[in-house]
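Text of protein-v9.txt (compact mmCIF, C-alpha atoms) as supplied:
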```
# COMPACT_ATOMS: atom_id res chain seq x y z
CA MET E 1 -141.05 44.19 82.04
CA ASN E 2 -142.40 42.13 84.90
CA GLY E 3 -138.92 41.11 86.02
CA ALA E 4 -137.31 40.24 89.31
CA GLN E 5 -136.31 43.86 89.85
CA ASP E 6 -139.92 44.82 90.56
CA MET E 7 -139.81 43.78 94.21
CA GLY E 8 -142.41 45.95 95.92
CA GLY E 9 -144.72 43.72 97.95
CA MET E 10 -142.79 40.45 97.52
CA MET E 11 -142.37 38.33 100.64
CA GLY E 12 -139.94 35.84 102.06
CA PHE E 13 -136.64 37.73 101.83
CA GLY E 14 -136.24 37.93 105.61
CA PRO E 15 -135.26 40.84 107.81
CA VAL E 16 -133.38 43.91 106.63
CA VAL E 17 -129.82 43.60 107.85
CA ALA E 18 -129.06 47.15 108.92
CA GLU E 19 -125.48 48.35 108.71
CA ARG E 20 -124.82 51.68 110.34
CA ASP E 21 -121.25 52.56 109.47
CA GLY E 22 -120.30 50.07 106.79
CA PRO E 23 -117.78 50.88 104.08
CA VAL E 24 -119.01 52.28 100.78
CA PHE E 25 -117.64 49.23 98.96
CA HIS E 26 -117.28 45.77 100.50
CA ALA E 27 -114.64 44.38 98.13
CA ALA E 28 -112.01 45.92 95.90
CA TRP E 29 -113.71 44.61 92.74
CA GLU E 30 -116.92 46.46 93.67
CA ARG E 31 -115.02 49.74 93.41
CA ARG E 32 -113.77 48.94 89.94
CA ALA E 33 -117.14 47.54 88.73
CA PHE E 34 -118.85 50.72 89.93
CA ALA E 35 -116.33 53.02 88.27
CA LEU E 36 -116.20 51.01 85.03
CA THR E 37 -119.98 51.20 84.76
CA LEU E 38 -120.00 54.98 85.19
CA ALA E 39 -117.05 55.51 82.88
CA MET E 40 -118.34 53.29 80.05
CA ALA E 41 -121.65 55.11 79.58
CA GLY E 42 -119.92 57.83 77.51
CA PRO E 43 -117.98 55.69 75.04
CA GLY E 44 -120.72 53.04 75.11
CA GLY E 45 -123.34 55.59 74.16
CA TRP E 46 -126.12 54.15 76.28
CA ASN E 47 -128.39 56.06 78.62
CA ILE E 48 -129.42 55.35 82.22
CA ASP E 49 -132.68 53.73 81.17
CA GLN E 50 -130.84 51.35 78.84
CA SER E 51 -128.51 50.52 81.75
CA ARG E 52 -131.44 49.72 84.00
CA ALA E 53 -133.13 47.69 81.25
CA ALA E 54 -129.95 45.64 80.75
CA ARG E 55 -129.87 44.73 84.46
CA GLU E 56 -133.59 44.00 84.70
CA SER E 57 -133.61 41.70 81.72
CA LEU E 58 -131.29 39.26 83.44
CA HIS E 59 -133.01 35.93 84.10
CA PRO E 60 -134.99 36.40 87.33
CA ALA E 61 -133.12 33.56 89.03
CA GLN E 62 -129.82 35.23 88.18
CA TYR E 63 -131.03 38.67 89.24
CA LEU E 64 -132.07 37.37 92.65
CA ALA E 65 -128.91 35.30 93.16
CA LYS E 66 -126.41 38.01 92.25
CA SER E 67 -125.12 40.72 94.54
CA TYR E 68 -125.80 44.33 93.57
CA TYR E 69 -122.51 45.02 91.82
CA GLU E 70 -122.58 41.58 90.20
CA ILE E 71 -125.83 42.72 88.58
CA TRP E 72 -124.12 45.93 87.47
CA LEU E 73 -121.24 43.92 86.03
CA ALA E 74 -123.56 41.58 84.12
CA GLY E 75 -125.47 44.60 82.79
CA LEU E 76 -122.26 46.29 81.68
CA GLU E 77 -121.00 43.18 79.86
CA LYS E 78 -124.35 42.84 78.12
CA LEU E 79 -124.47 46.48 76.99
CA MET E 80 -120.92 46.28 75.62
CA ALA E 81 -121.51 42.97 73.88
CA GLU E 82 -124.70 44.26 72.22
CA ARG E 83 -122.73 47.13 70.72
CA GLY E 84 -119.75 45.04 69.67
CA LEU E 85 -117.42 46.91 72.02
CA ILE E 86 -116.14 43.67 73.47
CA THR E 87 -116.66 40.07 72.33
CA PRO E 88 -117.70 37.02 74.36
CA GLU E 89 -114.32 35.49 73.39
CA GLU E 90 -112.53 38.42 75.00
CA ILE E 91 -114.57 38.11 78.19
CA ALA E 92 -113.81 34.38 78.26
CA ALA E 93 -110.11 34.94 77.56
CA GLY E 94 -109.85 37.87 79.95
CA ALA E 95 -107.81 39.73 77.38
CA SER E 96 -108.27 42.12 74.50
CA LEU E 97 -108.02 40.10 71.25
CA GLN E 98 -108.64 42.90 68.78
CA PRO E 99 -108.25 46.66 68.67
CA GLY E 100 -110.99 48.77 70.24
CA ARG E 101 -113.75 50.22 68.12
CA PRO E 102 -113.57 53.95 67.50
CA VAL E 103 -115.54 55.63 70.27
CA THR E 104 -116.22 59.15 71.43
CA GLY E 105 -116.94 60.40 74.93
CA VAL E 106 -114.14 58.59 76.77
CA LEU E 107 -114.20 59.98 80.32
CA ALA E 108 -110.85 61.64 80.96
CA ALA E 109 -109.83 62.09 84.60
CA GLY E 110 -109.91 65.84 84.12
CA ARG E 111 -113.62 65.75 83.26
CA VAL E 112 -114.82 63.57 86.16
CA GLU E 113 -115.62 66.39 88.55
CA SER E 114 -117.55 68.51 86.06
CA VAL E 115 -119.45 65.53 84.63
CA LEU E 116 -120.59 64.43 88.10
CA ALA E 117 -121.47 67.98 89.17
CA ARG E 118 -123.57 68.53 86.09
CA GLY E 119 -125.40 65.20 86.21
CA ARG E 120 -128.05 64.46 83.65
CA PRO E 121 -131.23 66.40 84.36
CA THR E 122 -134.29 64.73 82.82
CA GLU E 123 -136.70 67.66 82.79
CA ARG E 124 -137.59 68.95 79.32
CA ALA E 125 -139.79 71.71 77.93
CA ALA E 126 -143.43 70.65 78.10
CA LEU E 127 -145.16 70.72 74.73
CA THR E 128 -148.67 70.15 76.08
CA PRO E 129 -150.50 71.26 79.23
CA ALA E 130 -150.42 68.84 82.15
CA GLY E 131 -153.24 66.30 81.99
CA PHE E 132 -153.63 66.05 85.76
CA GLN E 133 -153.52 68.53 88.63
CA VAL E 134 -152.49 68.33 92.27
CA GLY E 135 -155.32 66.82 94.31
CA GLU E 136 -156.83 64.91 91.40
CA ARG E 137 -157.65 61.21 91.76
CA VAL E 138 -156.03 59.02 89.11
CA ARG E 139 -155.75 55.32 88.41
CA ALA E 140 -152.44 53.66 87.58
CA ARG E 141 -153.16 51.88 84.32
CA ASN E 142 -153.02 48.10 84.16
CA LEU E 143 -149.99 47.97 81.87
CA HIS E 144 -147.62 45.03 81.37
CA PRO E 145 -145.12 46.12 78.72
CA SER E 146 -142.48 43.58 77.71
CA GLY E 147 -139.88 46.36 77.58
CA HIS E 148 -138.54 48.67 80.27
CA THR E 149 -141.03 50.56 82.41
CA ARG E 150 -140.98 52.35 85.77
CA LEU E 151 -144.55 51.63 86.81
CA PRO E 152 -144.25 49.08 89.61
CA ARG E 153 -146.69 46.16 89.55
CA TYR E 154 -148.04 46.84 93.02
CA VAL E 155 -149.77 50.10 92.00
CA ARG E 156 -151.22 48.96 88.66
CA GLY E 157 -154.99 49.21 88.61
CA HIS E 158 -155.11 51.16 91.86
CA VAL E 159 -156.41 54.67 92.52
CA GLY E 160 -154.33 57.36 94.17
CA ARG E 161 -154.13 61.11 94.37
CA VAL E 162 -151.70 63.46 92.62
CA THR E 163 -149.53 65.30 95.15
CA HIS E 164 -146.87 66.87 92.89
CA VAL E 165 -146.57 67.87 89.24
CA HIS E 166 -142.88 67.78 88.29
CA GLY E 167 -142.87 69.09 84.74
CA ALA E 168 -142.15 67.04 81.63
CA HIS E 169 -139.43 64.38 82.01
CA VAL E 170 -137.72 61.90 79.69
CA LEU E 171 -139.93 58.80 79.43
CA PRO E 172 -137.87 55.73 80.44
CA ASP E 173 -139.97 53.32 78.38
CA ALA E 174 -139.11 55.11 75.13
CA HIS E 175 -135.57 56.07 76.17
CA ALA E 176 -134.63 52.49 77.04
CA ALA E 177 -135.96 51.27 73.70
CA GLY E 178 -133.81 53.76 71.79
CA LEU E 179 -136.92 55.66 70.66
CA GLY E 180 -135.76 59.06 71.88
CA GLU E 181 -136.72 60.99 74.98
CA ASP E 182 -140.48 61.36 74.39
CA PRO E 183 -140.84 63.67 77.43
CA GLN E 184 -144.12 63.40 79.32
CA TRP E 185 -145.56 65.08 82.39
CA LEU E 186 -144.37 63.42 85.57
CA TYR E 187 -146.46 63.25 88.73
CA THR E 188 -146.13 61.99 92.26
CA VAL E 189 -149.20 59.90 93.05
CA ARG E 190 -149.95 58.76 96.60
CA PHE E 191 -151.93 55.59 97.33
CA ALA E 192 -153.43 54.51 100.65
CA ALA E 193 -151.88 51.24 101.83
CA GLN E 194 -155.39 49.80 102.14
CA GLU E 195 -156.01 50.57 98.46
CA LEU E 196 -152.82 48.71 97.50
CA TRP E 197 -152.78 45.85 99.98
CA GLY E 198 -156.35 45.43 101.15
CA GLU E 199 -158.35 46.18 104.24
CA ALA E 200 -155.94 44.46 106.59
CA ALA E 201 -153.24 47.02 105.75
CA ASP E 202 -152.20 49.75 108.18
CA ARG E 203 -154.58 52.75 107.94
CA THR E 204 -151.77 55.15 108.80
CA VAL E 205 -149.58 54.14 105.83
CA SER E 206 -149.54 55.48 102.29
CA VAL E 207 -147.12 54.94 99.42
CA ALA E 208 -146.22 57.39 96.65
CA VAL E 209 -144.70 56.61 93.28
CA ASP E 210 -143.53 58.95 90.55
CA ALA E 211 -145.52 58.21 87.42
CA TRP E 212 -145.50 59.57 83.87
CA GLU E 213 -148.71 60.72 82.24
CA SER E 214 -149.12 57.63 80.05
CA TYR E 215 -149.00 55.45 83.19
CA LEU E 216 -152.15 57.11 84.52
CA GLU E 217 -155.80 57.53 83.63
CA ALA E 218 -158.54 59.78 84.97
CA VAL E 219 -160.96 58.24 87.45
CA MET U 1 -105.27 51.42 94.60
CA HIS U 2 -104.79 48.37 92.40
CA ASP U 3 -102.57 46.69 94.98
CA GLU U 4 -105.45 46.54 97.40
CA HIS U 5 -107.08 43.87 95.26
CA ASP U 6 -104.83 41.29 96.85
CA HIS U 7 -105.40 42.29 100.42
CA ASP U 8 -108.81 43.50 101.40
CA HIS U 9 -110.90 40.59 100.30
CA ASP U 10 -112.69 38.00 102.40
CA HIS U 11 -111.29 35.12 100.40
CA GLY U 12 -107.74 35.56 101.60
CA SER U 13 -104.85 35.30 99.22
CA HIS U 14 -106.61 33.78 96.23
CA LEU U 15 -108.77 35.95 94.03
CA SER U 16 -112.45 35.24 93.70
CA GLU U 17 -113.93 34.53 90.29
CA VAL U 18 -115.63 37.92 90.15
CA GLU U 19 -112.44 39.70 91.23
CA VAL U 20 -110.58 38.04 88.35
CA ARG U 21 -113.38 38.88 85.94
CA VAL U 22 -113.46 42.57 86.86
CA ARG U 23 -109.69 42.90 86.72
CA ALA U 24 -109.63 41.31 83.28
CA LEU U 25 -112.50 43.49 82.10
CA GLU U 26 -110.73 46.64 83.23
CA SER U 27 -107.52 45.64 81.47
CA ILE U 28 -109.45 44.91 78.25
CA LEU U 29 -111.28 48.24 78.35
CA VAL U 30 -108.08 50.16 79.05
CA ALA U 31 -106.27 48.32 76.24
CA LYS U 32 -109.06 49.23 73.84
CA GLY U 33 -108.88 52.87 74.85
CA TYR U 34 -112.42 53.03 76.22
CA VAL U 35 -111.56 54.01 79.79
CA ASP U 36 -108.94 56.12 81.51
CA PRO U 37 -107.84 54.27 84.68
CA LYS U 38 -107.15 57.58 86.39
CA ALA U 39 -110.79 58.55 85.85
CA LEU U 40 -111.82 55.28 87.52
CA ASP U 41 -109.64 56.09 90.54
CA LEU U 42 -111.19 59.54 90.74
CA LEU U 43 -114.76 58.24 90.51
CA ILE U 44 -114.06 55.84 93.39
CA GLU U 45 -112.29 58.46 95.47
CA THR U 46 -115.18 60.89 94.98
CA TYR U 47 -117.76 58.55 96.47
CA GLU U 48 -115.50 56.98 99.09
CA THR U 49 -114.21 60.20 100.59
CA ARG U 50 -115.85 63.40 99.34
CA VAL U 51 -119.52 62.75 98.71
CA GLY U 52 -121.45 61.14 101.54
CA PRO U 53 -124.05 61.66 104.27
CA HIS U 54 -121.98 64.46 105.82
CA ASN U 55 -123.25 66.57 102.90
CA GLY U 56 -126.88 65.85 103.71
CA ALA U 57 -126.22 66.45 107.40
CA ARG U 58 -125.13 69.99 106.54
CA VAL U 59 -128.34 70.55 104.60
CA VAL U 60 -130.48 69.31 107.50
CA ALA U 61 -128.55 71.29 110.10
CA ARG U 62 -128.96 74.45 108.01
CA ALA U 63 -132.70 73.82 107.75
CA TRP U 64 -132.94 73.33 111.51
CA ALA U 65 -130.97 76.50 112.22
CA ASP U 66 -132.40 78.79 109.55
CA ALA U 67 -136.19 78.95 109.03
CA ASN U 68 -135.81 80.78 105.73
CA TYR U 69 -133.48 78.09 104.41
CA LYS U 70 -135.92 75.40 105.53
CA GLU U 71 -138.71 77.11 103.63
CA ARG U 72 -136.56 77.23 100.49
CA LEU U 73 -135.57 73.58 100.96
CA LEU U 74 -139.16 72.40 101.20
CA LYS U 75 -140.19 74.55 98.25
CA ASP U 76 -137.30 73.83 95.85
CA ALA U 77 -134.87 71.31 97.31
CA THR U 78 -132.65 71.16 94.21
CA ALA U 79 -131.91 74.89 94.41
CA ALA U 80 -131.61 74.98 98.21
CA ILE U 81 -129.18 72.04 98.25
CA ALA U 82 -127.18 73.64 95.43
CA GLU U 83 -126.71 76.69 97.69
CA LEU U 84 -124.40 74.47 99.76
CA GLY U 85 -122.59 73.28 96.65
CA TYR U 86 -124.19 69.85 96.27
CA THR U 87 -125.41 69.20 92.74
CA GLY U 88 -125.35 66.73 89.94
CA ARG U 89 -125.52 63.06 89.33
CA GLN U 90 -128.46 61.30 90.96
CA GLY U 91 -129.51 64.55 92.63
CA GLU U 92 -130.63 66.48 89.57
CA HIS U 93 -134.23 66.77 90.79
CA MET U 94 -134.48 66.83 94.58
CA VAL U 95 -137.54 66.89 96.85
CA ALA U 96 -137.22 67.29 100.63
CA VAL U 97 -139.95 65.81 102.83
CA GLU U 98 -140.36 66.91 106.43
CA ASN U 99 -140.92 64.68 109.44
CA THR U 100 -143.25 66.20 112.02
CA ASP U 101 -145.04 65.11 115.18
CA ALA U 102 -147.80 63.72 112.95
CA VAL U 103 -145.91 62.40 109.91
CA HIS U 104 -142.89 60.14 109.33
CA ASN U 105 -141.37 59.77 105.85
CA LEU U 106 -139.51 56.73 104.49
CA VAL U 107 -137.69 56.56 101.14
CA VAL U 108 -137.16 53.45 99.02
CA CYS U 109 -136.55 52.46 95.42
CA THR U 110 -138.39 49.18 94.84
CA LEU U 111 -137.25 48.90 91.20
CA CYS U 112 -133.49 49.38 91.64
CA SER U 113 -131.63 51.54 94.12
CA CYS U 114 -132.29 55.19 93.29
CA TYR U 115 -130.74 57.31 96.01
CA PRO U 116 -129.74 61.00 96.32
CA TRP U 117 -126.00 60.69 95.72
CA PRO U 118 -124.93 64.36 96.13
CA VAL U 119 -126.31 64.50 99.67
CA LEU U 120 -126.02 60.88 100.88
CA GLY U 121 -123.32 59.32 98.70
CA LEU U 122 -123.79 55.76 97.41
CA PRO U 123 -126.53 53.66 99.01
CA PRO U 124 -125.75 51.18 101.78
CA VAL U 125 -126.10 47.45 101.01
CA TRP U 126 -129.40 47.10 102.84
CA TYR U 127 -131.02 49.90 100.81
CA LYS U 128 -130.28 47.91 97.63
CA SER U 129 -131.34 44.58 99.14
CA ALA U 130 -134.46 42.55 98.42
CA PRO U 131 -135.70 42.61 102.04
CA TYR U 132 -135.80 46.41 102.10
CA ARG U 133 -137.07 46.97 98.57
CA SER U 134 -139.85 44.40 98.91
CA ARG U 135 -141.16 45.29 102.36
CA ALA U 136 -140.73 49.08 102.69
CA VAL U 137 -143.90 49.62 100.63
CA LEU U 138 -145.86 46.68 102.06
CA ASP U 139 -145.13 46.92 105.76
CA PRO U 140 -142.94 49.91 106.62
CA ARG U 141 -143.45 49.52 110.37
CA SER U 142 -141.84 46.08 110.27
CA VAL U 143 -138.92 47.52 108.30
CA LEU U 144 -138.52 50.26 110.91
CA ALA U 145 -138.55 47.55 113.58
CA ASP U 146 -135.57 45.92 111.82
CA PHE U 147 -133.78 49.22 112.48
CA GLY U 148 -134.93 49.33 116.09
CA VAL U 149 -137.31 52.20 115.39
CA THR U 150 -140.83 52.09 116.86
CA LEU U 151 -143.22 54.93 116.08
CA PRO U 152 -146.55 55.66 117.76
CA SER U 153 -149.22 53.44 116.18
CA ASP U 154 -151.28 56.46 115.13
CA LYS U 155 -148.41 58.30 113.45
CA GLU U 156 -148.87 58.66 109.71
CA ILE U 157 -146.17 56.97 107.62
CA ARG U 158 -145.56 58.24 104.10
CA VAL U 159 -143.42 55.97 101.93
CA TRP U 160 -141.80 57.44 98.82
CA ASP U 161 -140.90 54.94 96.06
CA SER U 162 -138.29 56.64 93.85
CA THR U 163 -139.54 55.36 90.50
CA ALA U 164 -138.41 58.34 88.38
CA GLU U 165 -135.43 60.72 88.52
CA ILE U 166 -136.86 62.62 91.49
CA ARG U 167 -134.67 61.97 94.56
CA TYR U 168 -135.99 62.33 98.08
CA LEU U 169 -134.28 63.64 101.20
CA VAL U 170 -136.04 63.23 104.55
CA LEU U 171 -135.76 66.26 106.81
CA PRO U 172 -135.74 64.59 110.24
CA GLN U 173 -137.28 66.21 113.31
CA ARG U 174 -134.89 68.37 115.28
CA PRO U 175 -134.21 66.68 118.61
CA ALA U 176 -135.02 68.48 121.83
CA GLY U 177 -132.18 69.72 123.97
CA ALA U 178 -130.08 71.22 121.19
CA GLU U 179 -131.78 74.60 121.01
CA THR U 180 -128.57 76.54 121.59
CA TRP U 181 -126.38 74.39 119.35
CA SER U 182 -124.50 75.84 116.39
CA GLU U 183 -125.31 74.64 112.89
CA GLU U 184 -122.01 72.77 112.78
CA LYS U 185 -122.76 70.95 116.00
CA LEU U 186 -126.33 70.21 114.94
CA ALA U 187 -124.94 68.37 111.91
CA THR U 188 -123.42 65.78 114.27
CA LEU U 189 -126.96 64.72 115.25
CA VAL U 190 -127.96 63.92 111.67
CA THR U 191 -127.44 60.28 110.69
CA ARG U 192 -127.63 58.84 107.20
CA ASP U 193 -130.59 56.69 108.23
CA SER U 194 -132.48 59.71 109.58
CA MET U 195 -132.31 61.22 106.08
CA ILE U 196 -133.73 58.02 104.52
CA GLY U 197 -136.36 57.59 107.22
CA THR U 198 -135.08 54.31 108.66
CA GLY U 199 -133.78 56.20 111.68
CA LEU U 200 -134.30 59.33 113.73
CA ALA U 201 -131.80 62.09 114.42
CA LYS U 202 -129.64 61.51 117.49
CA SER U 203 -130.47 63.20 120.74
CA PRO U 204 -127.74 65.42 122.21
CA ALA U 205 -127.11 62.69 124.80
CA GLU U 206 -126.62 60.03 122.09
CA ALA U 207 -124.23 62.28 120.19
CA SER U 208 -121.95 63.02 123.10
```
In structure tokens, write the structure found in this file.
Amino acid sequence: MNGAQDMGGMMGFGPVVAERDGPVFHAAWERRAFALTLAMAGPGGWNIDQSRAARESLHPAQYLAKSYYEIWLAGLEKLMAERGLITPEEIAAGASLQPGRPVTGVLAAGRVESVLARGRPTERAALTPAGFQVGERVRARNLHPSGHTRLPRYVRGHVGRVTHVHGAHVLPDAHAAGLGEDPQWLYTVRFAAQELWGEAADRTVSVAVDAWESYLEAV
Amino acid sequence: MHDEHDHDHDHGSHLSEVEVRVRALESILVAKGYVDPKALDLLIETYETRVGPHNGARVVARAWADANYKERLLKDATAAIAELGYTGRQGEHMVAVENTDAVHNLVVCTLCSCYPWPVLGLPPVWYKSAPYRSRAVLDPRSVLADFGVTLPSDKEIRVWDSTAEIRYLVLPQRPAGAETWSEEKLATLVTRDSMIGTGLAKSPAEAS
């Protein structure tokens, strides 16, 4: 969706405030919000694309006003509420008012290390040959889906060149919608800054995005 | 770890609204049997102490010291990084991109905050911020200026927007003057920012 998360090319946010040796977390609650979000994915049964979709579908004004882990927290509450794992009354009361629902996949301390080390690879067996090859010119399609997508607005309609073919990967659009993994070929496509931002842009700059096959069309 | 809630917060002795909300949420989820508080402690400890840019610095130092390793890293970064024991979450599919005299690489995630956790740990606040995410793709030289980095005006800048599950690690240029340094010592020249592209590796003089 064309939400506030899609920030590439926006203006007016001011300078980047660089922090060289800052702490990993800036408040104690950030630690717990981070860990709760990771730990709840198992019992909650949602995938990473559903997590991202939950955060992105916050009202744009809220998304821009919240700090990073406040966005995570709001996304987590939303995902749990949608699945009936916690009720709005419980969030308001700050207390559990009814027994938990039966869940599987609770993350036990003994499994943390192996779960993190394994990760969740997204590459799948390709069922079709790749539609595009390295070096080929492609156009990012002018798509504006109302659901989750990973095609940023600033490349839509623009022509770039394929630099990498990464194999078939889980398609976030389908995965976030609960429609399965629908793996598609994934490419890195590089665009000249002047193609994206006009003739006044820096000739020495180019920008690459990773784009699934259905995001692209032949030129 | 729970006791720290009362102490290390900007707001002094009273708890902020969000602090109260997160505490309550944790107690609800524990009461319902959804989370194991010891697992939460371990997740936090992992990314506060064990996994961080020192991992990536070892990868870069190895690539600087060992031409064969560098070749493997640029060809299949996931496998080469796994040789040093760094695998898993948010680093499942790694690509290493090399800075040279002609090319500088800069990594961003405009859509959220995708970042190569196994080699760099969790992203710094600025990486997740609107100023960085909005401008890195539009005007990377001005972003570099915010970091005090000025590159020659004819140097090519390649920005990588991490829009899928591919995670990018910048292989910074090896500074001059460290030709005889051991791999371990070379790692002290590698900063987090140099592996994102918002900085350069330290010179031997800067490191001492």
Handout entry: Counting all atoms listed in the file, the residue of U:Thr180, U:Thr163, U:Thr188, U:Gln90 that sits nearest Trp212 of chain E
Key =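 Using all atoms listed in the file, Trp212 of chain E sits closest to U:Thr163.
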Give me the residues of chain E that have any atom at most 6 Å from an atom of chain U; for each, the nearest atom pair and the distance in Å, rounded to one decimal. Use all atoms listed in the file, sort by chain and number, and format it as a Markdown table.
```
| residue | atom | partner | partner_atom | distance |
| --- | --- | --- | --- | --- |
| E:Gln5 | CA | U:Leu111 | CA | 5.3 |
| E:Asp6 | CA | U:Leu111 | CA | 4.9 |
| E:Met7 | CA | U:Ser134 | CA | 4.7 |
| E:Gly8 | CA | U:Ser134 | CA | 4.2 |
| E:Gly9 | CA | U:Ser134 | CA | 5.0 |
| E:Met10 | CA | U:Ser134 | CA | 5.1 |
| E:Phe13 | CA | U:Pro131 | CA | 5.0 |
| E:Gly14 | CA | U:Pro131 | CA | 5.9 |
| E:Val16 | CA | U:Pro131 | CA | 5.3 |
| E:Ala27 | CA | U:His9 | CA | 5.7 |
| E:Ala28 | CA | U:His5 | CA | 5.4 |
| E:Trp29 | CA | U:Glu19 | CA | 5.3 |
| E:Ala35 | CA | U:Leu40 | CA | 5.1 |
| E:Gly94 | CA | U:Ala24 | CA | 4.8 |
| E:Ala95 | CA | U:Ile28 | CA | 5.5 |
| E:Ser96 | CA | U:Ile28 | CA | 4.8 |
| E:Pro99 | CA | U:Lys32 | CA | 5.8 |
| E:Gly100 | CA | U:Lys32 | CA | 4.1 |
| E:Val106 | CA | U:Tyr34 | CA | 5.8 |
| E:Ala108 | CA | U:Ala39 | CA | 5.8 |
| E:Ala109 | CA | U:Ala39 | CA | 3.9 |
| E:Leu116 | CA | U:Arg89 | CA | 5.3 |
| E:Ala117 | CA | U:Gly88 | CA | 4.1 |
| E:Arg118 | CA | U:Gly88 | CA | 4.6 |
| E:Gly119 | CA | U:Arg89 | CA | 3.8 |
| E:Pro121 | CA | U:Glu92 | CA | 5.2 |
| E:Arg150 | CA | U:Thr163 | CA | 5.8 |
| E:Thr204 | CA | U:Glu156 | CA | 4.6 |
| E:Val205 | CA | U:Ile157 | CA | 4.8 |
| E:Ser206 | CA | U:Arg158 | CA | 5.2 |
| E:Val207 | CA | U:Val159 | CA | 4.6 |
| E:Ala208 | CA | U:Trp160 | CA | 4.9 |
| E:Val209 | CA | U:Asp161 | CA | 5.0 |
| E:Asp210 | CA | U:Thr163 | CA | 5.4 |
```
Practice task
State, in Å with one decimal place, the distance from atom CA of Ala41 of chain E to atom CA of Gly22 of chain E.
Solution key: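 These atoms are spaced 27.7 Å apart.
Among the candidate residues U:Gly197, U:Pro53, U:Pro116, U:Pro204, the one lying nearest to Leu171 of chain U is U:Gly197, with distances computed using only C-alpha atoms.
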Exercise for the section: Kindly indicate which residue among E:Ile71, E:Ala200, E:Ala125, E:Ile91 lies nearest to Ala4 of chain E, using all atoms listed in the file for the distances. Expected result: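 Of the candidates, the smallest distance to Ala4 of chain E is held by E:Ile71.
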Exercise for the section: May I have the protein, DNA and RNA residues with any atom at most 9 Å from the point (-140.9, 65.7, 102.4), counting only C-alpha atoms, written as a PyMOL selection string? Expected result: chain U and resi 74+95-99+105+158+168-171
Take the residues from that selection and write them out as a PDB file, in the frame of the given file, keeping C-alpha atoms.
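And here is the file that came out, part13.pdb:
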```pdb
ATOM      1  CA  LEU U  74    -139.160  72.400 101.200  1.00  0.00           C
ATOM      2  CA  VAL U  95    -137.540  66.890  96.850  1.00  0.00           C
ATOM      3  CA  ALA U  96    -137.220  67.290 100.630  1.00  0.00           C
ATOM      4  CA  VAL U  97    -139.950  65.810 102.830  1.00  0.00           C
ATOM      5  CA  GLU U  98    -140.360  66.910 106.430  1.00  0.00           C
ATOM      6  CA  ASN U  99    -140.920  64.680 109.440  1.00  0.00           C
ATOM      7  CA  ASN U 105    -141.370  59.770 105.850  1.00  0.00           C
ATOM      8  CA  ARG U 158    -145.560  58.240 104.100  1.00  0.00           C
ATOM      9  CA  TYR U 168    -135.990  62.330  98.080  1.00  0.00           C
ATOM     10  CA  LEU U 169    -134.280  63.640 101.200  1.00  0.00           C
ATOM     11  CA  VAL U 170    -136.040  63.230 104.550  1.00  0.00           C
ATOM     12  CA  LEU U 171    -135.760  66.260 106.810  1.00  0.00           C
TER      13      LEU U 171
END
```
Practice task
Please measure the separation of atom CA of Ser57 of chain E and atom CA of Leu143 of chain E, giving the value in Å to one decimal.
Solution key: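 Rounded to one decimal, the two atoms are 17.5 Å apart.
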Practice task
Work out how far apart atom CA of Trp64 of chain U and atom CA of Arg174 of chain U are and give it in Å to one decimal.
Solution key: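 Atom-to-atom, atom CA of Trp64 of chain U and atom CA of Arg174 of chain U are spaced 6.5 Å apart.
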